[in-house]
Every structure is written in C-alpha cells, then in structure tokens.
Amino acid sequence: MSIPSSSPWRAYDWQLIRSEPIHPVMHMALDEALLEEVAAGRRKPTLRIWEWAASAVVIGRFQSLRNEVDLESAQRYQVQVVRRITGGGAMFIEPGNTITYSIYAPVELVAGMSMVDSYAFCDRWVLDALASLGVEAWYQPINDITSAAGKIGGAAQTRRNGAVLHHVTMAYDIDNARMLEILRIGREKLSDKGIASAAKRVDPLRRQTGLPREAIIERMIETFRAQYGLTESAITPEEWKAAERLVETKFGTEAWLRAIP
Amino acid sequence: MHGEYKIPGGKLIVVDLNIIDGTLRNVVLSGDFFLEPAEALEWMAAAIEGLPVNTPVDTIATRVRTAAAHAELIGITPEGVAEAVRRAIQGGTP
C-alpha cells in the first residue's frame, strides 16, 4: 500500500470545531451541512470533534433498520436511532464512552488513492496520537482501527461535489451487554471472522491508556495541530440553520430512518 | 424471503425479496458496505427485479455488474450480491 507523504494536508488552513454536546440527529445533519459547505468553498477544510448529548444507535446508509436494531430495546433505554450518510455498520454510542470526529476536505486531499488507501491516510495522525499515548494501533482494511488487544474504532467515508467526509468513532469505554441488547448481530456476519463488527473484541482506549477521555482528545488535537496546523473555528449560524433544515426535511424523518426498513 | 452473504474479508450483503409468479419481486439490498454514489443501491436492485426465479447466478452477477458499472462498490462484489440473491431464493441463510 503506498500512501503519499503528509504534505497534501499542509496545503490547507485546517479549521477546528469543538462544540457543546449535540443531539444525535443534529450530528447527522451537521455532517451533511458541513460537507456541503466545504464542497461549495464556503468553509475551509475542517476537523470537527463531536460531543454527544444522548445515547444513540447510528446505522449505516445502506443498512436495514429492522435487521440491525432491536427498536423495543432502544426505546426502553431511551437510545435514539439515526441513519447517517455514510455506509458501514451500526454503532452503539454512549456520550462518555465514545470519541467521534469528522474530517471535511476537498477530494484533492485523497487524490489518486483508492478508497481503501484513503481511509488509512485520513487517520494516520490519529494512529500517531495513539502511539504517543503508548497504544500501538493500525489500520485493518477496509475501515477498522485496531490493536493487538482488540478493535478500537471504525471509519466511514462518502464523497460529493468534490468534497470528502471521513468520520470515525472510537470506543473510549463500552457497555457490551447493553450494546448486544440493542444491536442485532446475525450469524452470517460472524461467518468469516468469528465475530461481527459491532461485537468484535473491542478493547477500549480507557483500558489501554488509563487516561481520561478528555486527555486523549486533547492529544489528538495537539497531534493534528503539530502535523498539519489547526485554527479555532465554530459552527456558523448559517451552518446551524442549514443543519436544522436538514433535520426537518431528512434526518429527522421516518422516510430517511426507514429508507431501508 | 431473506438471504445474507458475508464477503470474506469484506462486508455483509443482505437481500430481501418476494417470489411472485416465478419472478423476483420487491428486491431490497442492504448491508454494511460502502457504495458511491448511494443511488447505485437502487440501480443494482432494479437489475434483479423481475428476473425469473431460475436465472443462473452468473447472469444475476453480470446484470448487477452492468448496473453498477458507473459506481464504486467497497466491501462487496456483484458476485456476492448474486450469492445473497441465490440464498434468499433457496429460503434464506442457513
């Protein structure tokens, strides 16, 4: 696998968005709204660190809702179920247990790379940040961040209008029993590796580092800043309104959630 | 009817369909794969919709490949989609 040097990153004035906890459906909408803003050239390439305001199941763009989620369990535990715009598998999110971020960039950032190579390329800085904390992690194609002790996280990408969205969720901690009550994990999915994506032997960062979640996020931001540069930014009122519109017209609708019933 | 096939080293493809008058109807594809553009999901399903139930797996794969010619499939293959269709027709995943 050949990955170009980090220089393509240096071509941009990277922006950092950190915000208060946001509801899951609004996170889905912000990803689309900010991707469109970068595609249109109204926003510079951006790293967004997420904070979750509620527990959620986030299913992939092409997943069947009923195949993936036990909706009764989700309701019982007040877990919101949302569908994202990228492919990949279902994730169970609890606010304090998850580290999630998005990268929005022109596709030129990953020019000439296959999709599979571009996943590893977009997260190289994260692997460096984890290494600096003593966690030896690597990419397991297509989209897993893993370590000798177990899976750490998963990535997903989509591209539109000349921009790429790359977002990642990593496990800081995990409630396996609760997850298995809410996610349905079929036998076929287990067939070639013994265990499904969501239930892969996850070894969360809390156990691997012994550090508070916030300290890991700070190290990630420091690493990105040192390697590529980073300027403080914020979601603009216009971007926020665009995302709210997308919640009303798309992400908050039954039609979207049940696009594949 | 429901069939699933996990591409070795790749992703899961799920097929739900009905068999009506000997043809494949209401074909729905799903799974944890990646696909660009997203509309290619409907292109592939349309390529299977209405086929006779005894259509050879190779033919299904070829039709899916043609339908997705301008799409990028990540983690699945046309042959994998066809295998999931075959399993659905045979009464679902064992």
# chains A, B, ... in the order shown; residues from 1 in each chain; ligands from 1
>>> interface_residues(of="chain B", to="chain A", cutoff="7 Å", atoms="only C-alpha atoms", output="ChimeraX atom specification")
/B:4-6,8,12,30-35
>>> select_by_dssp(residues="chain B", states="helix (DSSP H, G or I)", output="PyMOL selection string")
chain B and resi 40-48+57-67+78-89
>>> residues_around(residues="stretch 8-15 of chain A", least_positions_apart="3", cutoff="6 Å", atoms="only C-alpha atoms", output="PDB file with N, CA, C and O atoms, in the first residue's frame")
ATOM      1  N   PRO A  45     -11.300  23.493   4.890  1.00  0.00           N
ATOM      2  CA  PRO A  45     -11.268  22.109   5.401  1.00  0.00           C
ATOM      3  C   PRO A  45     -11.246  22.100   6.926  1.00  0.00           C
ATOM      4  O   PRO A  45     -10.593  22.931   7.558  1.00  0.00           O
ATOM      5  N   THR A  46     -11.988  21.172   7.491  1.00  0.00           N
ATOM      6  CA  THR A  46     -12.312  21.243   8.917  1.00  0.00           C
ATOM      7  C   THR A  46     -12.201  19.882   9.592  1.00  0.00           C
ATOM      8  O   THR A  46     -12.592  18.864   9.020  1.00  0.00           O
ATOM      9  N   LEU A 109      -7.451  16.114  -1.356  1.00  0.00           N
ATOM     10  CA  LEU A 109      -6.659  15.601  -0.235  1.00  0.00           C
ATOM     11  C   LEU A 109      -6.308  14.126  -0.442  1.00  0.00           C
ATOM     12  O   LEU A 109      -5.222  13.689  -0.061  1.00  0.00           O
ATOM     13  N   TYR A 228      -0.328  19.219  10.867  1.00  0.00           N
ATOM     14  CA  TYR A 228      -0.989  19.852   9.716  1.00  0.00           C
ATOM     15  C   TYR A 228      -1.381  21.307   9.960  1.00  0.00           C
ATOM     16  O   TYR A 228      -1.810  21.989   9.035  1.00  0.00           O
ATOM     17  N   LEU A 230      -3.755  23.977  12.676  1.00  0.00           N
ATOM     18  CA  LEU A 230      -5.164  23.947  13.071  1.00  0.00           C
ATOM     19  C   LEU A 230      -5.548  25.311  13.627  1.00  0.00           C
ATOM     20  O   LEU A 230      -4.869  25.840  14.502  1.00  0.00           O
ATOM     21  N   THR A 231      -6.644  25.866  13.110  1.00  0.00           N
ATOM     22  CA  THR A 231      -7.141  27.174  13.533  1.00  0.00           C
ATOM     23  C   THR A 231      -8.504  26.998  14.190  1.00  0.00           C
ATOM     24  O   THR A 231      -9.337  26.250  13.680  1.00  0.00           O
ATOM     25  N   GLU A 232      -8.718  27.678  15.315  1.00  0.00           N
ATOM     26  CA  GLU A 232     -10.005  27.561  16.007  1.00  0.00           C
ATOM     27  C   GLU A 232     -11.139  28.078  15.124  1.00  0.00           C
ATOM     28  O   GLU A 232     -11.004  29.118  14.478  1.00  0.00           O
ATOM     29  N   SER A 233     -12.239  27.363  15.115  1.00  0.00           N
ATOM     30  CA  SER A 233     -13.387  27.733  14.294  1.00  0.00           C
ATOM     31  C   SER A 233     -14.653  27.384  15.068  1.00  0.00           C
ATOM     32  O   SER A 233     -14.578  26.863  16.182  1.00  0.00           O
TER      33      SER A 233
END
>>> residues_around(residues="B:Thr77", least_positions_apart="4", cutoff="12 Å", atoms="only C-alpha atoms", output="PyMOL selection string")
chain B and resi 5-13+33-35+44+60-62+64-66+68-69+71-73+81-84
>>> select_by_dssp(residues="chain B", states="strand (DSSP E)", output="MDAnalysis selection string")
chainID B and resid 2:6 12:20 23:31 34:36 72:74
>>> write_last_selection(atoms="C-alpha atoms", output="mmCIF file, in the first residue's frame")
data_model
loop_
_atom_site.group_PDB
_atom_site.id
_atom_site.type_symbol
_atom_site.label_atom_id
_atom_site.label_comp_id
_atom_site.auth_asym_id
_atom_site.auth_seq_id
_atom_site.Cartn_x
_atom_site.Cartn_y
_atom_site.Cartn_z
ATOM 1 C CA HIS B 2 -34.232 -13.234 3.076
ATOM 2 C CA GLY B 3 -30.652 -14.085 2.179
ATOM 3 C CA GLU B 4 -27.316 -12.937 3.560
ATOM 4 C CA TYR B 5 -23.769 -13.334 2.353
ATOM 5 C CA LYS B 6 -20.630 -12.066 4.048
ATOM 6 C CA LEU B 12 -22.244 -8.169 4.510
ATOM 7 C CA ILE B 13 -24.807 -8.082 1.703
ATOM 8 C CA VAL B 14 -28.451 -8.736 2.596
ATOM 9 C CA VAL B 15 -31.224 -9.426 0.100
ATOM 10 C CA ASP B 16 -34.940 -9.376 0.843
ATOM 11 C CA LEU B 17 -37.346 -10.278 -1.955
ATOM 12 C CA ASN B 18 -40.617 -11.950 -2.841
ATOM 13 C CA ILE B 19 -41.191 -14.602 -5.480
ATOM 14 C CA ILE B 20 -44.381 -13.800 -7.393
ATOM 15 C CA THR B 23 -40.184 -13.930 -10.776
ATOM 16 C CA LEU B 24 -38.134 -11.979 -8.231
ATOM 17 C CA ARG B 25 -40.113 -9.006 -6.868
ATOM 18 C CA ASN B 26 -39.727 -6.243 -4.284
ATOM 19 C CA VAL B 27 -35.953 -6.717 -4.256
ATOM 20 C CA VAL B 28 -34.257 -4.789 -1.447
ATOM 21 C CA LEU B 29 -30.484 -4.794 -0.937
ATOM 22 C CA SER B 30 -28.852 -3.748 2.320
ATOM 23 C CA GLY B 31 -25.735 -4.231 4.405
ATOM 24 C CA PHE B 34 -19.887 1.329 1.089
ATOM 25 C CA LEU B 35 -21.236 2.498 -2.234
ATOM 26 C CA GLU B 36 -20.673 5.622 -4.321
ATOM 27 C CA GLU B 72 -17.779 2.215 -6.789
ATOM 28 C CA LEU B 73 -18.504 -0.828 -4.625
ATOM 29 C CA ILE B 74 -16.375 -1.082 -1.482
#
>>> residues_around(residues="B:Gly22", least_positions_apart="6", cutoff="9 Å", atoms="only C-alpha atoms", output="number ranges by chain")
B: 51-54
>>> write_last_selection(atoms="C-alpha atoms", output="CSV table (one decimal), in the first residue's frame")
chain,number,residue,atom,x,y,z
B,51,LEU,CA,-35.9,-11.8,-13.2
B,52,PRO,CA,-37.2,-15.4,-13.4
B,53,VAL,CA,-36.5,-17.3,-10.2
B,54,ASN,CA,-34.4,-19.8,-12.1
